[in-house]
Structure formats: structure tokens, C-alpha cells
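Quick notes on the structure that follows.
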Amino acid sequence: MLLLVPSCSVLGREGADGVSAEETAAVYLSAWAAGDAAAMAAVVIDPPADFASVQQQFRATLHVATAEVADIEVESSGDEATAAFAADLGLQGLGHWAYEGTVDLQRVDGSWGVAFTPASLHPALTDGARIRRVREQGPRAVITAAGGQPLAVGGPGAGSRLDGLAGSLIGGLRELSAPEATQLGLHYAAGDLVGDDGVESGYEGRLDGDPVGRIEVVDAAGQVTSVLEEFGGEGPPPLELTIDYATQRAAEAAIANLTLPTALVAVDSRTGAIRAVANNPPGFDRALLGDYAPGSTFKIVTASALLGAGLDGDQIVPCPYEIRPGDSAPFTNAFGEDYGDIPFIEAFAKSCNTTFVSQGFQLGASRLHEMAETFGFNQAYDIGVPVAAPSFPLPESDTELGAASIGQGRVSVTPLHMATVAAAAYDGTWRPPYLSGEPPTQGSHTLPAAVAAALPDFLREVVRSGTGTGAAIIGRDVGGKTGTAEFGEEDPPETHAWFAGFIDDLAFAVVVEGGGIGGEVAAPIVHEFLVNLPGPPVGPGALPEAGG
């Protein structure tokens with residue numbers, strides 16, 4: 001509550017008690033701003049019996065949350081005076097209402113007091129008139145895809161979730177309680193619909209329109225005699241996301257009939273713009289919040305570190321069935337595979353665990369950690385909605401280093417982040433993703449030149465001849481990396497099925513919770529996604545092969 005000292009006053013004489021008209025007006029108006037009816041009544045001449053209830057009704061009718069009084073000017077003539085003031089009322093659910101009012105004062109038995117009438121509250125309150133407030137929540141912004149196609153028009157009903165296109169990303173709405181409305185600000189009122197999760201919640205301040213309402217004066221019959229103030233009217237402009245409508249449809253179609261929880265994310269390799277976020281079943285946005293071990297998809301990062309250290313794709317490396325570097329626990333290949341000595345690019349395409357464990361061990365924890373951070377690990381990014389941060393803790397033992405080299409242990413990612421890793425593999429620069437507006441100006445990392453030059457062919461080879469042939473599309477530039485990520489306490493462990501890759505400059509990642517083998521489960525999903533993408537005609541590709 002704010003009360004400014006009287007300005008430009010024409011000073012009246014003091015009362016017998018030494019208190020002037022100006023001081024009396026200041027005490028009364030300060031108490032009025034504070035909503036202290038008892039303190040007001042103390043300076044009112046013969047306050048009516050319903051004085052306190054009149055004050056309370058005025059504030060309750062308008063939903064007064066804050067009140068400020070300023071610019072008090074008192075003019076006095078003999079035993080009468082008038083205090084003019086400027087009021088600014090913060091009305092919960094409408095905003096600020098400013099008006100000018102007056103309070104009459106009289107000197108009785110030598111002391112100044114307030115001669116209260118309803119007009120002391122507002123000049124329009126005469127002859128039995130009363131104030132009425134009319135209010136409704138303002139229009140909510142439309143949420144659109146990048147081309148302007150609507151994804152949410154004002155949102156769904158209270159407490160419901162939008163189950164249409166990009167439903168888990170868009171989120172739903174819920175009703176506000178009175179305390180929540182107060183906490184959010186003056187434009188909100190109890191019962192308003194606000195974002196409960198997803199974009200509806202993360203962009204609430206951008207989506208919520210100004211409330212629409214009026215402050216009216218009505219007579220004893222309830223007829224409106226005047227409108228003192230009008231609020232709102234124009235809704236906020238549409239919120240345009242980076243989501244590509246056709247890509248989103250293709251992503252959702254690819255996972256629509258799956259029985260296991262699945263997420264598919266696509267991003268623009270050149271900018272980091274998020275083009276699709278699909279979840280099945282809808283609800284929990286595992287695409288952005290799911291925290292998974294990346295498994296062999298992380299070999300993109302390990303291969304980059306090795307290429308940066310001078311290892312060539314044609315260099316021969318061992319791929320035995322089992323290896324135990326240093327003091328680590330043993331590491332093995334899936335299905336008892338033992339490929340002997342093969343070129344490094346072939347070890348990548350076949351997803352040879354023992355090659356990457358042994359090479360990662362020789363590389364060292366620090367260099368692997370450095371490359372992981374080049375690919376955005378341990379870097380939080382803000383896309384306007386909650387998203388789990390990717391994590392690559394520095395390995396603290398030989399076993400941890402071996403596990404980290406193949407995306408296990410304490411390494412964790414979201415499907416969104418693995419899509420950005422695939423984007424960097426294609427483009428040569430890791431970029432933080434974004435969902436609306438312009439690309440972030442900071443946070444990008446350029447891969448070493450030798451890595452950027454060689455890495456795309458490593459991913460292409462996976463699809464041409466390795467574990468990812470099930471994702472192949474005839475006549476299209478497709479590359480990727482499968483992943484089979486162990487989790488849980490079962491023996492043998494359960495596994496998530498992964499695929500992260502690119503088609504031209506669109507990068508993507510898919511994870512199937514508890515799905516099993518990445519090449520057998522995730523790669524065909526990717527193929528279905530790619531077939532449904534807009535663009536040149538595509539062929540059927542190849543059948544999947546078992547692998548990492």
C-alpha cells in the first residue's frame with residue numbers, strides 16, 4: 001500500500017486537537033488503502049452502523065488485491081474541507097483501475113473528521129447506485145506449427161489434455177485456485193484455465209490473453225447507468241513453434257501402433273530447430289523428459305573422440321568377443337560376436353563393444369569427457385518447456401570408463417538430446433535445440449575438422465552394411481547409429497532399443513522402452529518414419545539385421 005504526502009495543498013487551520021484537515025485526510029485515506037475499516041471509522045464523524053460492511057463489500061465486489069492513494073490535495077473553507085486524491089486499485093483478475101475521488105471533511109467541536117458518504121469510495125456512488133464488476137478470462141493464443149497450422153486453438157477443457165498432434169508436447173490446461181491466481185498476478189482469477197504442462201504451461205505468460213471486463217454503475221433495479229472502465233479485448237498473437245506439421249505427422253504415424261512406450265524426436269541439423277516431438281502413449285513427454293542410457297548410440301561421441309585423436313576409419317582395430325582393460329570388469333559383444341581385426345569404420349557399423357571399450361580406455365576419461373561436452377553433454381538448454389539435461393560424469397574407474405565408452409554406466413540422455421548428437425554428426429556443429437523464436441546465439445560447439453569430415457560416412461556405413469540396415473531408404477542420404485541400452489537389475493538386463501541418425505539435414509532419434517535390440521526394433525520404426533516424410537519418392541529399403 002502506498003500513500004504519498006499531500007502535494008499542492010491549500011492548508012486549512014488545525015483543529016482544537018492540533019490535527020489539521022490535511023493530516024486527517026491522510027490518516028483516513030491511508031487506512032482506506034490498507035483496508036483497515038476500524039482505523040477509518042476512528043476519524044469518521046458518526047460512522048454508520050454498516051460502515052465496515054460497506055467498505056468490505058466495495059473491496060469484495062471489485063476483488064481489490066492492492067490499493068494505492070496518491071496526490072492528496074485538501075481545500076478548506078471555514079469548518080469544511082474536501083480532499084481530492086488519485087486511487088490506483090489492483091483488481092484481481094482484471095488488472096489496475098485508476099480513478100480520481102474526493103472525501104469531504106468537517107470540523108466538529110474543534111476537531112476535523114471525515115463526513116463519509118458512499119461517494120467517498122467513488123464519485124459515481126450516489127442516489128442508491130452501486131458498483132458491479134463483470135469479468136471473463138481473455139482469449140488464449142493459438143499454438144501453431146512452423147507453417148501456421150494450428151496445434152492447439154485456445155487449449156482443451158479444464159483439467160484435460162490435448163490428445164491430438166504433438167499432444168504431450170502441447171500439454172493441457174487446469175483451473176486455478178484463488179491462492180494460485182493471487183500468486184500468478186493481477187490478470188488471473190480463481191477458475192481461470194492455465195497451462196498444466198508442456199507448451200501450455202511453459203509459455204503461459206505468452207499464451208494467456210488479457211482478461212475482458214467492465215466496472216459498471218447500476219441503479220437499485222440493477223440497470224446499468226454507466227461504465228466506469230473497460231478492460232481487455234484483443235487476444236495475444238499465435239505462438240508459432242518450430243514443429244514441422246508434416247514431420248510431426250510422420251513421427252506420430254511411425255509409433256502410433258506400438259505397444260511399448262516410445263518417443264521419436266526430429267531436429268533441423270542446420271539450426272537446432274525442433275521439427276517433431278512424438279510420444280506413445282501420450283501423457284508423459286518421454287521425448288524431452290525421459291532419462292535413458294544411450295547405449296551404443298553414444299559410440300557417435302566415442303568415435304568422434306577417437307577420430308579427433310588421430311584414429312583413421314581404415315585403421316585396423318581388434319574386435320574380440322571379450323575384453324577386460326586395466327582393472328575393469330569384463331565387457332563382451334552381443335550374440336557372442338567376434339569379428340577379429342577389422343577397419344575402425346566397420347567396427348562402428350557392426351557396433352563392436354569391445355573395440356570401443358578398448359579404444360576408449362586408451363583414449364582416457366578426460367578426452368572422452370571433453371568430446372561429450374562438445375556434443376552438448378552436461379549443458380542445460382532452455383526450450384521454454386521442461387527438458388532433462390544430458391549427463392556425462394567424468395568416469396572414476398576403469399570399469400566406468402569402459403561402460404561410458406559404449407553409453408552405459410552413469411551416462412544419460414533424452415531422445416531430444418540424441419537427436420542433436422545425430423544432427424552434429426551430420427552438420428559438424430552441435431547446436432542447442434529450440435522450440436520457438438530464433439536459434440540461440442550461444443552454446444554451439446564446432447567439431448574438430450577431421451571429425452566433421454569423417455563422421456557422416458561412419459553413420460552412413462551403419463545403414464549401408466551394419467546394424468542399421470533396417471532404416472535404409474533407397475535413393476536417400478540416410479545415416480545413423482543403433483543402440484541397445486541395458487537398464488534395471490534383471491539378469492540378463494532388460495534393454496531399451498535406440499536409433500539416432502539423419503536423412504539429409506533432418507536428424508532424429510527414437511527410443512523404445514524395454515524394446516530390446518536397436519537394429520531389430522528401432523531401425524524399422526525409423527524406416528517407417530522416413531517413408532512417411534514429405535520429399536522425393538522413396539524405396540522400401542532393406543530388412544533389419546540384428547545388432548547393437
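Just remember, in the C-alpha cells the first chain shown is A, the second B, etc., residues are 1-based per chain, and ligands are 1-based in the order shown.
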Taking 2 positions as the minimum chain separation for residues in the same chain, which residues sit within 9 Å of region 106-113 of chain A when counting only C-alpha atoms? Answer as a tab-separated table (two decimals) with N, CA and C atoms, in the first residue's frame.
chain	number	residue	atom	x	y	z
A	14	GLU	N	-5.66	24.15	11.82
A	14	GLU	CA	-5.65	22.98	12.67
A	14	GLU	C	-6.89	22.94	13.54
A	15	GLY	N	-7.24	21.73	13.97
A	15	GLY	CA	-8.35	21.59	14.90
A	15	GLY	C	-7.88	21.87	16.31
A	16	ALA	N	-8.84	21.82	17.21
A	16	ALA	CA	-8.50	22.09	18.62
A	16	ALA	C	-7.51	21.07	19.14
A	17	ASP	N	-7.51	19.90	18.55
A	17	ASP	CA	-6.57	18.86	18.99
A	17	ASP	C	-5.23	18.95	18.29
A	18	GLY	N	-5.05	19.99	17.49
A	18	GLY	CA	-3.78	20.18	16.80
A	18	GLY	C	-3.63	19.38	15.53
A	19	VAL	N	-4.68	18.65	15.12
A	19	VAL	CA	-4.62	17.84	13.91
A	19	VAL	C	-5.30	18.59	12.78
A	20	SER	N	-4.62	18.79	11.67
A	20	SER	CA	-5.16	19.56	10.56
A	20	SER	C	-6.07	18.71	9.69
A	21	ALA	N	-6.81	19.37	8.78
A	21	ALA	CA	-7.65	18.65	7.81
A	21	ALA	C	-6.79	17.77	6.92
A	24	THR	N	-5.82	14.67	8.83
A	24	THR	CA	-6.98	13.79	8.99
A	24	THR	C	-7.27	13.04	7.70
A	25	ALA	N	-7.22	13.76	6.56
A	25	ALA	CA	-7.45	13.13	5.26
A	25	ALA	C	-6.40	12.06	4.99
A	42	ALA	N	-12.33	5.53	12.97
A	42	ALA	CA	-11.85	6.36	14.08
A	42	ALA	C	-11.80	7.83	13.73
A	43	VAL	N	-11.74	8.16	12.44
A	43	VAL	CA	-11.69	9.57	12.05
A	43	VAL	C	-12.94	9.97	11.26
A	44	VAL	N	-13.97	9.10	11.24
A	44	VAL	CA	-15.23	9.41	10.57
A	44	VAL	C	-16.21	10.00	11.60
A	45	ILE	N	-16.91	11.04	11.16
A	45	ILE	CA	-17.91	11.66	12.03
A	45	ILE	C	-19.16	10.78	12.04
A	78	GLY	N	-13.43	27.53	6.04
A	78	GLY	CA	-14.05	27.54	7.34
A	78	GLY	C	-13.99	26.16	7.98
A	79	ASP	N	-15.16	25.62	8.35
A	79	ASP	CA	-15.20	24.33	9.02
A	79	ASP	C	-15.46	23.17	8.06
A	80	GLU	N	-15.30	23.42	6.77
A	80	GLU	CA	-15.48	22.36	5.79
A	80	GLU	C	-14.24	22.26	4.90
A	81	ALA	N	-13.98	21.04	4.43
A	81	ALA	CA	-12.82	20.81	3.55
A	81	ALA	C	-13.13	19.64	2.62
A	82	THR	N	-12.43	19.61	1.52
A	82	THR	CA	-12.54	18.50	0.56
A	82	THR	C	-11.14	18.03	0.22
A	104	ASP	N	-15.04	14.27	1.78
A	104	ASP	CA	-15.44	15.50	2.47
A	104	ASP	C	-15.05	15.42	3.95
A	115	ALA	N	-16.62	13.29	6.74
A	115	ALA	CA	-18.07	13.18	6.59
A	115	ALA	C	-18.32	12.12	5.51
### Task
Kindly give the distance, in Å, that separates CA of Thr182 (chain A) and CA of Ala86 (chain A), rounded to a single decimal.
24.2 Å
### Query
How many Å separate CA of Gly313 (chain A) from CA of His527 (chain A)?
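So the answer is 26.2 Å.
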### Task
Step one, run DSSP on the backbone; step two, keep only residues of region 270-410 of chain A assigned to strand (DSSP E or B); then write them as an NGL selection string.
:A and (273-280 or 292 or 316-319 or 322-323 or 331-332 or 340-343 or 391)
Expected file contents, prior selection, N, CA and C atoms, as a compact mmCIF listing (two decimals), in the first residue's frame:
# COMPACT_ATOMS: atom_id res chain seq x y z
N ALA A 273 16.46 -26.33 -34.72
CA ALA A 273 15.01 -26.21 -34.58
C ALA A 273 14.38 -27.59 -34.40
N ILE A 274 13.51 -27.72 -33.41
CA ILE A 274 12.84 -28.98 -33.15
C ILE A 274 11.69 -29.13 -34.14
N ARG A 275 11.72 -30.19 -34.94
CA ARG A 275 10.73 -30.37 -36.00
C ARG A 275 9.62 -31.37 -35.64
N ALA A 276 9.88 -32.26 -34.70
CA ALA A 276 8.84 -33.21 -34.30
C ALA A 276 9.15 -33.72 -32.90
N VAL A 277 8.10 -33.89 -32.10
CA VAL A 277 8.19 -34.49 -30.77
C VAL A 277 6.99 -35.41 -30.62
N ALA A 278 7.21 -36.72 -30.72
CA ALA A 278 6.11 -37.68 -30.69
C ALA A 278 6.30 -38.65 -29.53
N ASN A 279 5.21 -38.93 -28.84
CA ASN A 279 5.21 -39.86 -27.71
C ASN A 279 4.04 -40.83 -27.83
N ASN A 280 4.29 -42.09 -27.55
CA ASN A 280 3.23 -43.08 -27.49
C ASN A 280 3.52 -44.02 -26.31
N TYR A 292 17.52 -41.74 -20.14
CA TYR A 292 17.93 -43.08 -20.52
C TYR A 292 19.44 -43.16 -20.73
N ILE A 316 43.05 -50.68 -38.83
CA ILE A 316 42.60 -51.97 -38.33
C ILE A 316 42.61 -51.97 -36.81
N VAL A 317 41.49 -52.40 -36.23
CA VAL A 317 41.36 -52.46 -34.77
C VAL A 317 40.81 -53.84 -34.40
N PRO A 318 41.14 -54.32 -33.21
CA PRO A 318 40.63 -55.64 -32.81
C PRO A 318 39.18 -55.57 -32.33
N CYS A 319 38.43 -56.61 -32.64
CA CYS A 319 37.05 -56.74 -32.16
C CYS A 319 36.86 -58.17 -31.64
N GLU A 322 35.45 -60.73 -26.03
CA GLU A 322 35.51 -60.23 -24.66
C GLU A 322 36.80 -59.46 -24.45
N ILE A 323 36.72 -58.48 -23.58
CA ILE A 323 37.90 -57.69 -23.23
C ILE A 323 37.76 -57.23 -21.79
N PHE A 331 33.93 -56.90 -20.54
CA PHE A 331 32.95 -56.41 -21.49
C PHE A 331 32.90 -57.36 -22.68
N THR A 332 31.70 -57.59 -23.20
CA THR A 332 31.53 -58.55 -24.30
C THR A 332 30.68 -57.94 -25.40
N GLY A 340 37.28 -60.36 -35.02
CA GLY A 340 38.72 -60.32 -35.24
C GLY A 340 39.21 -58.91 -35.49
N ASP A 341 40.17 -58.77 -36.37
CA ASP A 341 40.73 -57.46 -36.69
C ASP A 341 40.03 -56.89 -37.92
N ILE A 342 39.40 -55.72 -37.75
CA ILE A 342 38.62 -55.12 -38.82
C ILE A 342 38.88 -53.61 -38.85
N PRO A 343 38.53 -52.94 -39.96
CA PRO A 343 38.69 -51.48 -40.00
C PRO A 343 37.80 -50.81 -38.95
N SER A 391 23.73 -35.93 -19.37
CA SER A 391 24.78 -36.01 -18.36
C SER A 391 25.86 -37.01 -18.76
### Message
Taking only region 140-322 of chain A into account, list the residues labelled helix (DSSP H, G or I) by DSSP (computed from the backbone), as a PyMOL selection string.
### Response
chain A and resi 167-170+178-184+198-202+204-207+245-255+286-289+295-308
### Task
Calculate how many Å separate CA of Gly483 (chain A) from CA of Pro415 (chain A), rounding to one decimal.
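Pair CA of Gly483 (chain A) / CA of Pro415 (chain A) returns 11.9 Å.
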### Message
Between A:Ala389, A:Ala189, A:Val267, A:Leu401, which residue has the minimum interatomic distance to Gln359 (chain A), considering only C-alpha atoms?
### Response
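When distances to Gln359 (chain A) are compared using only C-alpha atoms, the smallest one comes from A:Leu401.
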### Message
With distances taken over only C-alpha atoms, which residue among A:Phe348, A:Glu252, A:Glu520, A:Gly535 lies nearest Pro282 (chain A)?
### Response
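Comparing A:Phe348, A:Glu252, A:Glu520, A:Gly535 against Pro282 (chain A), the winner is A:Glu252.
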### Message
Taking only C-alpha atoms into account, name the residue in A:Phe502, A:Phe58, A:Trp32, A:Phe231 that is nearest to Val134 (chain A).
### Response
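Result for the nearest residue to Val134 (chain A): A:Phe231.
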### Message
List the spatial neighbours of Asn378 (chain A) as a ChimeraX atom specification - criterion: any atom at most 12 Å away, only C-alpha atoms, same-chain residues fewer than 2 positions off excluded.
### Response
/A:369-376,380-381,388-394,411-413,417,432,443
#### Entry: Distance criterion (only C-alpha atoms): nearest to Thr446 (chain A) out of A:Arg286, A:Lys350, A:Arg431, A:Arg460
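For Thr446 (chain A), the nearest of the candidates is A:Arg431.
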Near region 46-52 of chain A, within 10 Å and counting only C-alpha atoms, which residues show up once chain neighbours fewer than 6 positions away are dropped, as a short mmCIF file (atom, residue, chain, number, x, y, z; two decimals) with C-alpha atoms, in the first residue's frame?
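Below is the file that was written, part-v6.cif:
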data_model
loop_
_atom_site.label_atom_id
_atom_site.label_comp_id
_atom_site.auth_asym_id
_atom_site.auth_seq_id
_atom_site.Cartn_x
_atom_site.Cartn_y
_atom_site.Cartn_z
CA GLY A 35 -8.40 -1.88 4.06
CA ASP A 36 -8.42 -1.00 7.76
CA ALA A 37 -12.07 -0.12 8.41
CA ALA A 38 -11.52 0.35 12.14
CA MET A 40 -11.01 4.71 9.06
CA GLY A 113 -13.31 14.41 10.82
CA VAL A 114 -14.44 12.69 7.63
CA ALA A 115 -18.07 13.18 6.59
CA PHE A 116 -18.45 9.75 4.99
CA THR A 117 -20.88 9.04 2.15
CA PRO A 118 -20.73 6.22 -0.45
#
When you look at Gly222 (chain A) with a cut-off of 12 Å (counting only C-alpha atoms), what residues show up, excluding the ones that are within fewer than 5 positions of it in the same chain? I need them as a compact mmCIF listing (two decimals) with N, CA and C atoms, in the first residue's frame.
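File written: result_17.txt
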# COMPACT_ATOMS: atom_id res chain seq x y z
N GLY A 128 -28.26 5.80 -4.28
CA GLY A 128 -28.53 4.37 -4.24
C GLY A 128 -27.80 3.55 -5.29
N ALA A 129 -26.88 4.16 -6.04
CA ALA A 129 -26.13 3.42 -7.06
C ALA A 129 -25.11 2.52 -6.39
N ARG A 130 -24.77 1.48 -7.08
CA ARG A 130 -23.71 0.59 -6.60
C ARG A 130 -22.82 0.16 -7.76
N ILE A 131 -21.65 -0.31 -7.40
CA ILE A 131 -20.68 -0.73 -8.42
C ILE A 131 -20.81 -2.22 -8.67
N ARG A 132 -20.67 -2.60 -9.93
CA ARG A 132 -20.69 -4.01 -10.30
C ARG A 132 -19.51 -4.31 -11.22
N GLU A 216 -18.99 -1.35 -13.82
CA GLU A 216 -20.25 -0.68 -14.14
C GLU A 216 -20.85 -0.03 -12.90
N VAL A 217 -21.69 0.94 -13.14
CA VAL A 217 -22.54 1.51 -12.09
C VAL A 217 -23.97 1.09 -12.40
### Query
Contacts of Ala425 (chain A) at 6 Å or less, counting only C-alpha atoms, minus same-chain residues fewer than 2 places along, as a list in words?
Ala422, Ala423, Asp427, Gly428, Leu455 and Pro456 of chain A
Output of the above residues as a short mmCIF file (atom, residue, chain, number, x, y, z; two decimals), in the first residue's frame, restricted to all heavy atoms:
data_model
loop_
_atom_site.label_atom_id
_atom_site.label_comp_id
_atom_site.auth_asym_id
_atom_site.auth_seq_id
_atom_site.Cartn_x
_atom_site.Cartn_y
_atom_site.Cartn_z
N ALA A 422 23.00 -36.64 -33.30
CA ALA A 422 22.97 -37.06 -34.70
C ALA A 422 23.06 -35.87 -35.63
O ALA A 422 23.69 -35.94 -36.70
CB ALA A 422 21.70 -37.86 -34.97
N ALA A 423 22.42 -34.76 -35.24
CA ALA A 423 22.50 -33.54 -36.05
C ALA A 423 23.92 -33.03 -36.16
O ALA A 423 24.39 -32.64 -37.24
CB ALA A 423 21.59 -32.46 -35.45
N ASP A 427 26.17 -32.36 -39.47
CA ASP A 427 26.49 -30.98 -39.82
C ASP A 427 27.88 -30.52 -39.41
O ASP A 427 28.42 -29.59 -39.98
CB ASP A 427 25.44 -30.06 -39.19
CG ASP A 427 25.67 -28.60 -39.52
OD1 ASP A 427 25.50 -28.23 -40.69
OD2 ASP A 427 26.01 -27.82 -38.60
N GLY A 428 28.46 -31.18 -38.39
CA GLY A 428 29.78 -30.77 -37.92
C GLY A 428 29.75 -29.76 -36.80
O GLY A 428 30.80 -29.36 -36.29
N LEU A 455 32.85 -38.22 -39.88
CA LEU A 455 31.77 -38.80 -39.10
C LEU A 455 30.52 -39.14 -39.91
O LEU A 455 29.92 -40.21 -39.69
CB LEU A 455 31.43 -37.86 -37.94
CG LEU A 455 30.63 -38.47 -36.78
CD1 LEU A 455 31.32 -39.71 -36.22
CD2 LEU A 455 30.43 -37.42 -35.69
N PRO A 456 30.07 -38.29 -40.84
CA PRO A 456 28.85 -38.65 -41.57
C PRO A 456 28.95 -40.00 -42.28
O PRO A 456 27.97 -40.76 -42.30
CB PRO A 456 28.68 -37.50 -42.57
CG PRO A 456 29.36 -36.34 -41.93
CD PRO A 456 30.54 -36.94 -41.21
#
